[in-house]
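Take a look at the structure set out below.
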Amino acid sequence: MNNNILVTGGSGQLAQVLKTNKIKKNNYKYFFTSKKKLDICKFKDIESFIIKNKINIIINCAAFTDVDLAETNVNKANKVNNLSVKNLSLICIKYKILLVQISTDYVFDGNKKKVFFEYDKPFPKNKYGLTKLRGEKQITKYNIDSIIIRTSWLYSEFTNNFVKSIFNTINKNKNIELRNNSYGSPTYADDLVKFINLILSKKKYLFLFKKNYIFHFANLGCISRYQFVKKIIEFSKIKNTKIIKSYTNKNISNIRPICSCLKSKNLKIVKEFKYNKWDKSLLKCINKLKNK
Ligand SMILES: NC(=O)c1ccc[n+]([C@@H]2O[C@H](COP(=O)([O-])OP(=O)(O)OC[C@H]3O[C@@H](n4cnc5c(N)ncnc54)[C@H](OP(=O)(O)O)[C@@H]3O)[C@@H](O)[C@H]2O)c1
């Protein structure tokens, strides 16, 4: 059987990583669509694209990801993160398509101050998390063949992300000003993509879609931003960089969970996958950034 995979949000970070790590089998064909090429808020456009290209799998990487902007631009965030997921769900039912939806640790408020498992009740602290949670609910409401993968602190060699921005700053011999010291589970997008590819390439994992599994996928560990930055500096081997702690911006700390570390009970189903510790994966990414 042919597998025609539509990856939405094609210019974004995760889509870029998927593009460089495709499933290498003849019967897998990918379609990466940027917002300009295919706006996921436009139902008719998606439907025509799906029919024309005989899509049978969607990996929805498109999202409104600016956490701060979502507070003031809530209608737009809701349109992309929630209403468009309803569109995708309706299309998935109609054309019997498998959906991989990417979600976030920010569906949790962080008040537990411990790691969050799949069975923990989501309770978002900010509008970004709220709209992403609503998107998840669209999928469960329509009971389509899907998996939802919640990930956190995603980084890679592509686009703008926390690791790249710290790496670039220290390479300019500038000090790092750390404005918030929340706790989270950093996730190397390469590892997440390997997990998605494994699930999509083996028939034995098809049942996960039938049962609408939710997975918490993050690298192993629950660390502070401070520890994260310290490791980025250590692995970059650049001396004399100072971390200046200025945890003063009340707006930022008010809308971001203090601790949104993810841990999983469900991942043990996918036994053959090798789960990496956060620092091991960080080292891989830093080495790639150094060689760029
Ligand atoms: N980055 C993280 O730390 C993180 C953490 C947890 C979960 N996640 C989730 O992981 C997924 C991938 O994140 P990412 O890091 O790859 O984010 P990203 O780099 O911001 O990519 C999202 C992409 O979606 C596109 N997009 C926005 N509105 C769209 C629309 N209406 N139609 C089509 N495309 C649209 C964006 O285009 P424009 O840039 O042109 O708007 C962007 O290219 C998202 O679901 C996100 O919620 C990310």
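Going by the structure tokens order, chains are called A, B, ..., each with residues numbered from 1, while ligands are numbered from 1 in the order shown.
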
Out of region 93-269 of chain A, which residues get strand (DSSP E) from DSSP, as a PyMOL selection string?
chain A and resi 98-104+146-151+154-155+176-178+183-184+187-188+214-216+223-224+243-245

With C-alpha atoms kept, could you save the residues just selected as a JSON list (two decimals), in the first residue's frame?
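Below is the file that was written, part-v5.json:
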[["chain", "number", "residue", "atom", "x", "y", "z"],
["A", 98, "LEU", "CA", -4.48, 8.61, 10.05],
["A", 99, "LEU", "CA", -3.65, 11.74, 12.01],
["A", 100, "VAL", "CA", -0.55, 12.44, 14.06],
["A", 101, "GLN", "CA", -1.27, 15.56, 16.10],
["A", 102, "ILE", "CA", 1.58, 17.32, 17.87],
["A", 103, "SER", "CA", 0.65, 18.91, 21.16],
["A", 104, "THR", "CA", 2.41, 20.47, 24.08],
["A", 146, "SER", "CA", -5.13, 9.29, 15.59],
["A", 147, "ILE", "CA", -2.33, 9.65, 18.03],
["A", 148, "ILE", "CA", -1.60, 12.80, 19.99],
["A", 149, "ILE", "CA", 2.02, 13.40, 20.91],
["A", 150, "ARG", "CA", 2.66, 16.00, 23.58],
["A", 151, "THR", "CA", 6.21, 17.21, 23.52],
["A", 154, "LEU", "CA", 11.65, 21.24, 21.34],
["A", 155, "TYR", "CA", 15.01, 22.10, 19.75],
["A", 176, "ILE", "CA", 23.21, 35.02, 28.66],
["A", 177, "GLU", "CA", 20.40, 36.83, 30.40],
["A", 178, "LEU", "CA", 18.02, 34.26, 31.82],
["A", 183, "TYR", "CA", 11.55, 23.35, 34.77],
["A", 184, "GLY", "CA", 10.94, 21.21, 31.72],
["A", 187, "THR", "CA", 13.38, 17.30, 23.52],
["A", 188, "TYR", "CA", 15.64, 16.92, 20.51],
["A", 214, "ILE", "CA", -1.82, 10.04, 23.80],
["A", 215, "PHE", "CA", 1.94, 9.98, 24.30],
["A", 216, "HIS", "CA", 4.18, 12.22, 26.31],
["A", 223, "ILE", "CA", 15.72, 20.19, 34.46],
["A", 224, "SER", "CA", 15.72, 23.93, 35.02],
["A", 243, "ILE", "CA", 24.66, 33.55, 32.94],
["A", 244, "ILE", "CA", 22.96, 36.60, 34.36],
["A", 245, "LYS", "CA", 19.87, 35.67, 36.29]]

What's the 9 Å shell around Asn212 (chain A), counting only C-alpha atoms, without same-chain residues fewer than 4 positions away, as an NGL selection string?
:A and (139-140 or 143-148 or 207-208)

Have a look at A:Asn21, A:Ser281, A:Ser185, A:Asn175 and name the one nearest to Gln227 (chain A); count only C-alpha atoms.
A:Ser185

Could you pull out the residues in region 193-238 of chain A that DSSP calls alpha helix (DSSP H) from the backbone, as a count of residues only?
26

Report the closest atom pair, with its distance in Å rounded to one decimal, for each residue of chain A that has an atom no farther than 8 Å from ligand 1; count only C-alpha atoms and all ligand atoms, sort by chain and then rising residue number, and write it as CSV.
residue,atom,partner,partner_atom_place_in_ligand_line,distance
A:Thr8,CA,ligand 1,33 (C),5.9
A:Gly9,CA,ligand 1,24 (O),3.7
A:Gly10,CA,ligand 1,43 (O),5.8
A:Ser11,CA,ligand 1,43 (O),4.2
A:Gly12,CA,ligand 1,21 (O),3.3
A:Gln13,CA,ligand 1,16 (O),3.6
A:Leu14,CA,ligand 1,16 (O),3.8
A:Ala15,CA,ligand 1,16 (O),6.0
A:Gln16,CA,ligand 1,16 (O),7.7
A:Thr33,CA,ligand 1,33 (C),7.4
A:Ser34,CA,ligand 1,34 (N),5.6
A:Lys35,CA,ligand 1,33 (C),3.6
A:Lys36,CA,ligand 1,33 (C),7.2
A:Lys37,CA,ligand 1,33 (C),7.9
A:Leu38,CA,ligand 1,33 (C),5.8
A:Asp39,CA,ligand 1,32 (N),3.5
A:Ile40,CA,ligand 1,32 (N),4.0
A:Cys41,CA,ligand 1,31 (N),5.1
A:Lys42,CA,ligand 1,31 (N),7.8
A:Asn60,CA,ligand 1,45 (O),7.0
A:Cys61,CA,ligand 1,12 (C),4.6
A:Ala62,CA,ligand 1,24 (O),3.3
A:Ala63,CA,ligand 1,24 (O),4.4
A:Phe64,CA,ligand 1,27 (C),5.0
A:Thr65,CA,ligand 1,20 (O),4.9
A:Asp66,CA,ligand 1,20 (O),7.2
A:Lys79,CA,ligand 1,31 (N),7.7
A:Val80,CA,ligand 1,31 (N),5.2
A:Asn81,CA,ligand 1,45 (O),7.8
A:Ser84,CA,ligand 1,31 (N),7.6
A:Gln101,CA,ligand 1,45 (O),7.2
A:Ile102,CA,ligand 1,45 (O),4.5
A:Ser103,CA,ligand 1,45 (O),5.0
A:Thr104,CA,ligand 1,7 (C),3.8
A:Asp105,CA,ligand 1,6 (C),5.8
A:Tyr106,CA,ligand 1,6 (C),7.2
A:Lys132,CA,ligand 1,47 (O),6.9
A:Arg150,CA,ligand 1,7 (C),6.3
A:Thr151,CA,ligand 1,6 (C),4.6
A:Ser152,CA,ligand 1,6 (C),3.9
A:Trp153,CA,ligand 1,3 (O),3.9
A:Leu154,CA,ligand 1,3 (O),3.9
A:Tyr155,CA,ligand 1,3 (O),6.5
A:Thr159,CA,ligand 1,19 (O),6.4
A:Asn160,CA,ligand 1,19 (O),7.1
A:Asn161,CA,ligand 1,1 (N),6.7
A:Phe162,CA,ligand 1,3 (O),7.9

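Residue nearest Lys137 (chain A), chosen from A:Asn180, A:Lys121, A:Gly110, A:Val85 and counting only C-alpha atoms: A:Val85.
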
Using only C-alpha atoms, I'd like a table of the residues in region 7-58 of chain A that come within 12 Å of region 189-206 of chain A; for each, show the closest atom pair and its distance in Å rounded to one decimal, ordered by chain and ascending number, as CSV.
residue,atom,partner,partner_atom,distance
A:Gly12,CA,A:Ala189,CA,11.6
A:Gln13,CA,A:Ala189,CA,8.2
A:Leu14,CA,A:Ala189,CA,6.3
A:Ala15,CA,A:Val193,CA,9.1
A:Gln16,CA,A:Ala189,CA,9.6
A:Val17,CA,A:Asp190,CA,6.4
A:Leu18,CA,A:Val193,CA,6.0
A:Lys19,CA,A:Val193,CA,9.6
A:Thr20,CA,A:Asp190,CA,9.3
A:Asn21,CA,A:Val193,CA,7.3
A:Lys22,CA,A:Asn197,CA,7.5
A:Ile23,CA,A:Asn197,CA,6.1
A:Lys24,CA,A:Ser201,CA,9.3
A:Lys25,CA,A:Ser201,CA,8.6
A:Asn26,CA,A:Ser201,CA,11.5
A:Asn27,CA,A:Ser201,CA,10.2
A:Tyr28,CA,A:Ser201,CA,8.9
A:Asn56,CA,A:Leu200,CA,11.4
A:Ile57,CA,A:Leu200,CA,8.8
A:Ile58,CA,A:Leu200,CA,10.7

Can you tell me which residues surround Lys127 (chain A) at a distance of at most 12 Å, considering only C-alpha atoms, apart from same-chain residues fewer than 5 positions away, and format the answer as a ChimeraX atom specification?
/A:64-78,81-82,106-109,132-134,254-256

Go ahead and dump the residues you just picked, N, CA and C atoms, as a PDB file, in the first residue's frame.
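Below is the file that was written, part_15.pdb:
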ATOM      1  N   PHE A  64       0.042  27.719  15.933  1.00  0.00           N
ATOM      2  CA  PHE A  64       0.361  29.082  16.384  1.00  0.00           C
ATOM      3  C   PHE A  64       1.186  28.877  17.649  1.00  0.00           C
ATOM      4  N   THR A  65       2.521  29.074  17.542  1.00  0.00           N
ATOM      5  CA  THR A  65       3.401  28.650  18.642  1.00  0.00           C
ATOM      6  C   THR A  65       3.968  29.797  19.489  1.00  0.00           C
ATOM      7  N   ASP A  66       3.588  31.023  19.142  1.00  0.00           N
ATOM      8  CA  ASP A  66       4.121  32.157  19.909  1.00  0.00           C
ATOM      9  C   ASP A  66       3.299  32.319  21.195  1.00  0.00           C
ATOM     10  N   VAL A  67       3.880  31.838  22.290  1.00  0.00           N
ATOM     11  CA  VAL A  67       3.147  31.781  23.569  1.00  0.00           C
ATOM     12  C   VAL A  67       2.713  33.168  24.040  1.00  0.00           C
ATOM     13  N   ASP A  68       3.603  34.136  23.926  1.00  0.00           N
ATOM     14  CA  ASP A  68       3.269  35.494  24.390  1.00  0.00           C
ATOM     15  C   ASP A  68       2.203  36.142  23.513  1.00  0.00           C
ATOM     16  N   LEU A  69       2.381  36.010  22.188  1.00  0.00           N
ATOM     17  CA  LEU A  69       1.449  36.628  21.245  1.00  0.00           C
ATOM     18  C   LEU A  69       0.045  36.009  21.351  1.00  0.00           C
ATOM     19  N   ALA A  70       0.002  34.741  21.696  1.00  0.00           N
ATOM     20  CA  ALA A  70      -1.302  34.055  21.818  1.00  0.00           C
ATOM     21  C   ALA A  70      -2.182  34.700  22.899  1.00  0.00           C
ATOM     22  N   GLU A  71      -1.547  35.338  23.898  1.00  0.00           N
ATOM     23  CA  GLU A  71      -2.320  35.981  24.967  1.00  0.00           C
ATOM     24  C   GLU A  71      -3.177  37.125  24.424  1.00  0.00           C
ATOM     25  N   THR A  72      -2.622  37.873  23.464  1.00  0.00           N
ATOM     26  CA  THR A  72      -3.350  39.024  22.936  1.00  0.00           C
ATOM     27  C   THR A  72      -4.035  38.707  21.614  1.00  0.00           C
ATOM     28  N   ASN A  73      -3.610  37.613  20.975  1.00  0.00           N
ATOM     29  CA  ASN A  73      -4.126  37.257  19.664  1.00  0.00           C
ATOM     30  C   ASN A  73      -4.874  35.923  19.758  1.00  0.00           C
ATOM     31  N   VAL A  74      -5.729  35.844  20.760  1.00  0.00           N
ATOM     32  CA  VAL A  74      -6.309  34.538  21.095  1.00  0.00           C
ATOM     33  C   VAL A  74      -7.202  33.968  19.983  1.00  0.00           C
ATOM     34  N   ASN A  75      -7.878  34.847  19.246  1.00  0.00           N
ATOM     35  CA  ASN A  75      -8.747  34.348  18.164  1.00  0.00           C
ATOM     36  C   ASN A  75      -7.944  33.647  17.083  1.00  0.00           C
ATOM     37  N   LYS A  76      -6.819  34.241  16.757  1.00  0.00           N
ATOM     38  CA  LYS A  76      -5.948  33.656  15.722  1.00  0.00           C
ATOM     39  C   LYS A  76      -5.373  32.315  16.223  1.00  0.00           C
ATOM     40  N   ALA A  77      -4.897  32.331  17.481  1.00  0.00           N
ATOM     41  CA  ALA A  77      -4.331  31.107  18.060  1.00  0.00           C
ATOM     42  C   ALA A  77      -5.394  30.002  18.089  1.00  0.00           C
ATOM     43  N   ASN A  78      -6.616  30.386  18.433  1.00  0.00           N
ATOM     44  CA  ASN A  78      -7.711  29.409  18.510  1.00  0.00           C
ATOM     45  C   ASN A  78      -8.054  28.851  17.123  1.00  0.00           C
ATOM     46  N   ASN A  81      -4.863  26.516  16.251  1.00  0.00           N
ATOM     47  CA  ASN A  81      -4.593  25.389  17.157  1.00  0.00           C
ATOM     48  C   ASN A  81      -5.827  24.557  17.486  1.00  0.00           C
ATOM     49  N   ASN A  82      -7.014  25.143  17.285  1.00  0.00           N
ATOM     50  CA  ASN A  82      -8.233  24.432  17.652  1.00  0.00           C
ATOM     51  C   ASN A  82      -9.145  24.206  16.453  1.00  0.00           C
ATOM     52  N   TYR A 106       2.448  22.509  27.569  1.00  0.00           N
ATOM     53  CA  TYR A 106       1.744  23.672  28.106  1.00  0.00           C
ATOM     54  C   TYR A 106       0.235  23.443  28.268  1.00  0.00           C
ATOM     55  N   VAL A 107      -0.226  22.215  28.023  1.00  0.00           N
ATOM     56  CA  VAL A 107      -1.620  21.918  28.394  1.00  0.00           C
ATOM     57  C   VAL A 107      -1.707  21.759  29.918  1.00  0.00           C
ATOM     58  N   PHE A 108      -0.545  21.720  30.597  1.00  0.00           N
ATOM     59  CA  PHE A 108      -0.529  21.613  32.062  1.00  0.00           C
ATOM     60  C   PHE A 108      -0.143  22.957  32.689  1.00  0.00           C
ATOM     61  N   ASP A 109      -0.675  23.198  33.882  1.00  0.00           N
ATOM     62  CA  ASP A 109      -0.388  24.494  34.524  1.00  0.00           C
ATOM     63  C   ASP A 109       0.926  24.499  35.307  1.00  0.00           C
ATOM     64  N   LYS A 132      -4.331  24.717  22.291  1.00  0.00           N
ATOM     65  CA  LYS A 132      -3.790  23.401  21.911  1.00  0.00           C
ATOM     66  C   LYS A 132      -4.611  22.286  22.557  1.00  0.00           C
ATOM     67  N   LEU A 133      -5.034  22.497  23.796  1.00  0.00           N
ATOM     68  CA  LEU A 133      -5.857  21.482  24.472  1.00  0.00           C
ATOM     69  C   LEU A 133      -7.208  21.328  23.774  1.00  0.00           C
ATOM     70  N   ARG A 134      -7.771  22.467  23.372  1.00  0.00           N
ATOM     71  CA  ARG A 134      -9.051  22.408  22.634  1.00  0.00           C
ATOM     72  C   ARG A 134      -8.864  21.611  21.345  1.00  0.00           C
ATOM     73  N   ASN A 254       4.156  34.636  34.770  1.00  0.00           N
ATOM     74  CA  ASN A 254       2.730  34.426  35.051  1.00  0.00           C
ATOM     75  C   ASN A 254       2.047  33.526  34.048  1.00  0.00           C
ATOM     76  N   ILE A 255       2.488  33.551  32.795  1.00  0.00           N
ATOM     77  CA  ILE A 255       1.790  32.737  31.800  1.00  0.00           C
ATOM     78  C   ILE A 255       2.491  31.415  31.496  1.00  0.00           C
ATOM     79  N   ARG A 256       3.700  31.259  31.992  1.00  0.00           N
ATOM     80  CA  ARG A 256       4.399  29.990  31.731  1.00  0.00           C
ATOM     81  C   ARG A 256       4.386  29.102  32.967  1.00  0.00           C
TER      82      ARG A 256
END

What lies within 6 Å of Ile55 (chain A) using only C-alpha atoms, ignoring chain neighbours under 3 positions off, as an MDAnalysis selection string?
chainID A and resid 4:5 50

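Separating CA of Phe31 (chain A) from CA of Leu6 (chain A) is a distance of 4.8 Å.
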